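Enquirer: Sharing a structure, written as structure tokens. Questions coming.
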Amino acid sequence: MKILGIETSCDETSASIVEKRKGRKFGKVLSEVTVSQIKKHQKFGGVVPELASREHSNNIDFIVKKTLKNSNISLSQIDAFAATTGPGLLGGLLVGTNYAKALAISCNKPFLSINHLQGHVLVPRMSKVINFPFVCLLVSGGHCQILLAKDYNKFKVIGETLDDAVGEAYDKIAKILGYDYPGGPIIEKLALNCKGKHQFNLPKPLIKNKSKNLSFSGLKTAVRRIIEKGINKEQKFDLANEFQVVICECLINKVELAINSLKGRNKIKNFVLTGGVASNSFIRTKFKLLCKQKGLSFVAPEKKLCTDNATMIAWAGHEILNKRKKGSSLSLSPKPRWRLDSL
Ligand code: KG4
Ligand code: ZN
């Protein structure tokens with residue numbers, strides 16, 4: 001079974017063909033082509049929705065054809081066409097969804113509507129045994145959720161951010177410091193130069209609270225105020241590090257609360273860290289340590305599968321088709337605010 005996945009929910013146009021042989025648990029990527037629009041949006045300091053949809057529209061045909069060519073298979077050998085139908089920017093979702101629907105109709109094969117977040121959560125199962133239920137922290141530019149994954153299509157949101165997503169906080173701080181989008185990898189690099197000479201006593205929002213929700217806007221404002229007062233190079237490194245340490249502490253604190261609240265009631269053996277921010281080495285190391293303490297196995301996708309990609313969409317397509325045995329309705333429309341707990 002070969003599924004072609006398409007991802008166009010934000011600023012990456014991506015296509016991927018994932019094969020899963022009969023009787024096998026895991027999937028194999030035959031080819032993935034991803035074109036980032038980062039350069040096009042950089043001068044605006046963030047993703048411009050109208051520009052993003054135009055770029056997807058310009059690139060989708062070329063990218064799908066290149067993916068087919070690289071994997072050395074023809075369109076007629078594809079068994080289903082999967083596309084992200086939400087959440088995300090409507091203009092981009094329309095491009096990918098309609099393109100996948102058209103291919104499905106012309107090849108007389110199923111069309112699969114995929115929730116972008118479901119793709120992030122399920123993709124580690126493409127190459128590792130991770131049985132349901134498992135606990136997952138999904139941290140990206142648009143989302144920050146602690147989830148209980150009960151099945152391929154059943155997710156409970158245990159806690160989530162009340163304001164900014166983690167990636168968004170990284171991006172905004174980098175922007176105030178004068179760096180380009182995306183800010184996450186830049187802040188991570190700055191923090192590596194930290195000498196630990198300066199302390200800023202950054203707030204740890206909601207950390208004393210028993211709620212499993214998170215909040216990052218207060219932290220972001222505190223960092224902004226410090227930067228606006230003026231800081232030197234060394235202070236910048238130390239601030240980037242403290243910001244990252246505080247973010248990580250907040251995440252660990254809430255995930256630990258979530259794990260403790262689930263213990264005994266569910267047979268949870270795995271913890272999954274996923275989404276763009278999951279490519280951060282510091283955060284990965286801290287969660288690996290937490291899992292060791294809690295007796296859980298730690299899983300995170302390889303770094304290139306943490307940020308947006310069509311492989312996770314094709315893989316989610318396999319999981320859905322494998323269980324549901326039929327495609328999605330061709331009449332459904334993209335849902336820009338589609339939640340994982342309302343699949
Ligand atoms: O999953 P993703 O590609 O897109 C969304 O679905 O949002 O995540 C992108 C986010 C951006 O905010 C980016 O700054 C952040 O992931 N990110 C990182 C790192 N790499 C990407 N954040 C922290 N550390 C990183 N190394
Ligand atoms: Zn994403």
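Chains: A, B, ... in order of the structure tokens. Residues: from 1 per chain. Ligands: from 1, in order shown.
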Counting only C-alpha atoms and all ligand atoms, what are the residues, protein, DNA or RNA alike, that approach ligand 1 to within 7 Å? I want them as a PyMOL selection string.

Expert: chain A and resi 140-143+167-168+170-171+181-185+188+275-281+306-308

Enquirer: Store the residues picked out above in a file with all heavy atoms, as a short mmCIF file (atom, residue, chain, number, x, y, z; two decimals), in the first residue's frame.

Expert:
```
data_model
loop_
_atom_site.label_atom_id
_atom_site.label_comp_id
_atom_site.auth_asym_id
_atom_site.auth_seq_id
_atom_site.Cartn_x
_atom_site.Cartn_y
_atom_site.Cartn_z
N SER A 140 4.47 23.07 18.97
CA SER A 140 4.84 23.59 17.64
C SER A 140 4.64 25.10 17.62
O SER A 140 4.48 25.72 18.67
CB SER A 140 3.98 22.91 16.57
OG SER A 140 2.65 23.35 16.67
N GLY A 141 4.64 25.67 16.41
CA GLY A 141 4.48 27.10 16.30
C GLY A 141 3.06 27.56 16.59
O GLY A 141 2.83 28.70 16.99
N GLY A 142 2.11 26.67 16.39
CA GLY A 142 0.70 27.05 16.59
C GLY A 142 0.04 26.32 17.73
O GLY A 142 -1.08 26.68 18.13
N HIS A 143 0.68 25.29 18.27
CA HIS A 143 0.02 24.45 19.27
C HIS A 143 0.91 24.06 20.43
O HIS A 143 2.12 23.93 20.27
CB HIS A 143 -0.55 23.19 18.61
CG HIS A 143 -1.60 23.51 17.60
ND1 HIS A 143 -1.29 23.79 16.29
CD2 HIS A 143 -2.93 23.66 17.72
CE1 HIS A 143 -2.40 24.10 15.65
NE2 HIS A 143 -3.41 24.03 16.49
N GLY A 167 6.44 27.39 20.35
CA GLY A 167 7.19 27.84 19.17
C GLY A 167 6.95 29.32 18.91
O GLY A 167 7.88 30.06 18.54
N GLU A 168 5.72 29.74 19.13
CA GLU A 168 5.34 31.14 18.92
C GLU A 168 6.14 32.03 19.89
O GLU A 168 6.63 33.11 19.50
CB GLU A 168 3.84 31.24 19.20
CG GLU A 168 3.18 32.52 18.82
CD GLU A 168 1.69 32.49 19.21
OE1 GLU A 168 1.17 31.43 19.65
OE2 GLU A 168 1.05 33.54 19.08
N TYR A 170 9.08 31.36 21.27
CA TYR A 170 10.46 31.37 20.75
C TYR A 170 10.58 32.36 19.59
O TYR A 170 11.51 33.15 19.51
CB TYR A 170 10.83 29.98 20.23
CG TYR A 170 11.51 29.06 21.23
CD1 TYR A 170 10.78 28.12 21.94
CD2 TYR A 170 12.88 29.09 21.41
CE1 TYR A 170 11.40 27.25 22.83
CE2 TYR A 170 13.52 28.23 22.30
CZ TYR A 170 12.77 27.32 23.01
OH TYR A 170 13.39 26.46 23.88
N ASP A 171 9.61 32.28 18.66
CA ASP A 171 9.67 33.14 17.45
C ASP A 171 9.60 34.62 17.82
O ASP A 171 10.31 35.45 17.25
CB ASP A 171 8.52 32.78 16.49
CG ASP A 171 8.66 31.37 15.92
OD1 ASP A 171 9.80 30.86 15.88
OD2 ASP A 171 7.64 30.78 15.53
N TYR A 181 12.49 34.78 11.36
CA TYR A 181 11.65 33.61 11.63
C TYR A 181 12.27 32.39 10.92
O TYR A 181 12.78 32.56 9.80
CB TYR A 181 10.24 33.89 11.09
CG TYR A 181 9.32 32.70 11.10
CD1 TYR A 181 8.56 32.41 12.22
CD2 TYR A 181 9.24 31.85 9.99
CE1 TYR A 181 7.73 31.30 12.23
CE2 TYR A 181 8.42 30.74 10.01
CZ TYR A 181 7.67 30.48 11.13
OH TYR A 181 6.87 29.38 11.16
N PRO A 182 12.26 31.18 11.44
CA PRO A 182 11.75 30.80 12.74
C PRO A 182 12.79 30.98 13.85
O PRO A 182 13.97 30.70 13.65
CB PRO A 182 11.44 29.30 12.54
CG PRO A 182 12.41 28.83 11.52
CD PRO A 182 12.73 30.03 10.64
N GLY A 183 12.32 31.42 15.00
CA GLY A 183 13.22 31.79 16.08
C GLY A 183 13.72 30.64 16.93
O GLY A 183 14.76 30.77 17.60
N GLY A 184 13.00 29.53 16.93
CA GLY A 184 13.35 28.41 17.81
C GLY A 184 14.81 27.96 17.68
O GLY A 184 15.56 27.99 18.67
N PRO A 185 15.24 27.61 16.47
CA PRO A 185 16.63 27.14 16.34
C PRO A 185 17.64 28.23 16.70
O PRO A 185 18.73 27.93 17.19
CB PRO A 185 16.74 26.79 14.84
CG PRO A 185 15.33 26.63 14.36
CD PRO A 185 14.48 27.51 15.22
N GLU A 188 17.88 28.48 20.51
CA GLU A 188 18.60 27.28 20.99
C GLU A 188 20.12 27.47 20.83
O GLU A 188 20.89 27.15 21.72
CB GLU A 188 18.12 26.04 20.23
CG GLU A 188 18.77 24.78 20.77
CD GLU A 188 18.35 23.49 20.09
OE1 GLU A 188 17.69 23.54 19.04
OE2 GLU A 188 18.69 22.42 20.64
N GLY A 275 6.18 17.68 17.25
CA GLY A 275 5.95 19.06 16.80
C GLY A 275 7.29 19.75 16.60
O GLY A 275 8.34 19.25 17.06
N GLY A 276 7.28 20.90 15.92
CA GLY A 276 8.52 21.60 15.57
C GLY A 276 9.48 21.81 16.73
O GLY A 276 10.70 21.63 16.59
N VAL A 277 8.96 22.18 17.92
CA VAL A 277 9.81 22.47 19.08
C VAL A 277 10.49 21.20 19.59
O VAL A 277 11.54 21.27 20.25
CB VAL A 277 8.99 23.18 20.19
CG1 VAL A 277 9.85 23.51 21.39
CG2 VAL A 277 8.33 24.45 19.65
N ALA A 278 9.93 20.05 19.26
CA ALA A 278 10.51 18.77 19.70
C ALA A 278 11.87 18.53 19.05
O ALA A 278 12.60 17.61 19.45
CB ALA A 278 9.57 17.61 19.39
N SER A 279 12.25 19.35 18.06
CA SER A 279 13.58 19.18 17.48
C SER A 279 14.65 19.85 18.35
O SER A 279 15.84 19.75 18.06
CB SER A 279 13.62 19.71 16.04
OG SER A 279 13.18 21.04 16.01
N ASN A 280 14.23 20.54 19.41
CA ASN A 280 15.17 21.21 20.32
C ASN A 280 15.89 20.18 21.21
O ASN A 280 15.26 19.46 21.98
CB ASN A 280 14.36 22.21 21.18
CG ASN A 280 15.22 22.99 22.12
OD1 ASN A 280 15.83 22.45 23.02
ND2 ASN A 280 15.27 24.30 21.90
N SER A 281 17.21 20.13 21.09
CA SER A 281 18.00 19.10 21.80
C SER A 281 17.90 19.23 23.32
O SER A 281 17.85 18.24 24.03
CB SER A 281 19.46 19.19 21.41
OG SER A 281 19.58 18.95 20.04
N CYS A 306 9.97 16.30 12.95
CA CYS A 306 9.32 17.10 14.00
C CYS A 306 8.64 18.31 13.38
O CYS A 306 7.50 18.63 13.68
CB CYS A 306 10.35 17.56 15.03
SG CYS A 306 10.95 16.25 16.09
N THR A 307 9.36 18.99 12.50
CA THR A 307 8.76 20.17 11.84
C THR A 307 7.83 19.68 10.72
O THR A 307 7.85 18.51 10.35
CB THR A 307 9.87 21.08 11.25
OG1 THR A 307 10.82 20.25 10.61
CG2 THR A 307 10.56 21.89 12.32
N ASP A 308 7.03 20.60 10.20
CA ASP A 308 5.96 20.22 9.26
C ASP A 308 6.49 19.47 8.04
O ASP A 308 7.47 19.89 7.41
CB ASP A 308 5.20 21.47 8.82
CG ASP A 308 4.33 21.99 9.95
OD1 ASP A 308 4.23 21.29 10.99
OD2 ASP A 308 3.75 23.07 9.79
#
```

Enquirer: As a ChimeraX atom specification, which residues of segment 142-315 of chain A does DSSP assign to strand (DSSP E)?

Expert: /A:144-151,154-160,270-274,297-299

Enquirer: Per DSSP on the backbone, filter segment 237-280 of chain A down to the residues in alpha helix (DSSP H) and report them as a PyMOL selection string.

Expert: chain A and resi 237-262

Enquirer: Determine, counting only C-alpha atoms, which protein, DNA and RNA residues have an atom within 12 Å of an atom of segment 129-131 of chain A; residues of the same chain fewer than 2 positions away are not included. Present the result as number ranges by chain.

Expert: A: 24-27, 121-127, 133-136, 148-152, 266-272, 296-301

Enquirer: Go through A:Leu147, A:Leu273, A:Ile207, A:Ile176 and flag the residue nearest Glu228 of chain A, using only C-alpha atoms for the distances.

Expert: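 Nearest candidate to Glu228 of chain A out of A:Leu147, A:Leu273, A:Ile207, A:Ile176: A:Ile176.
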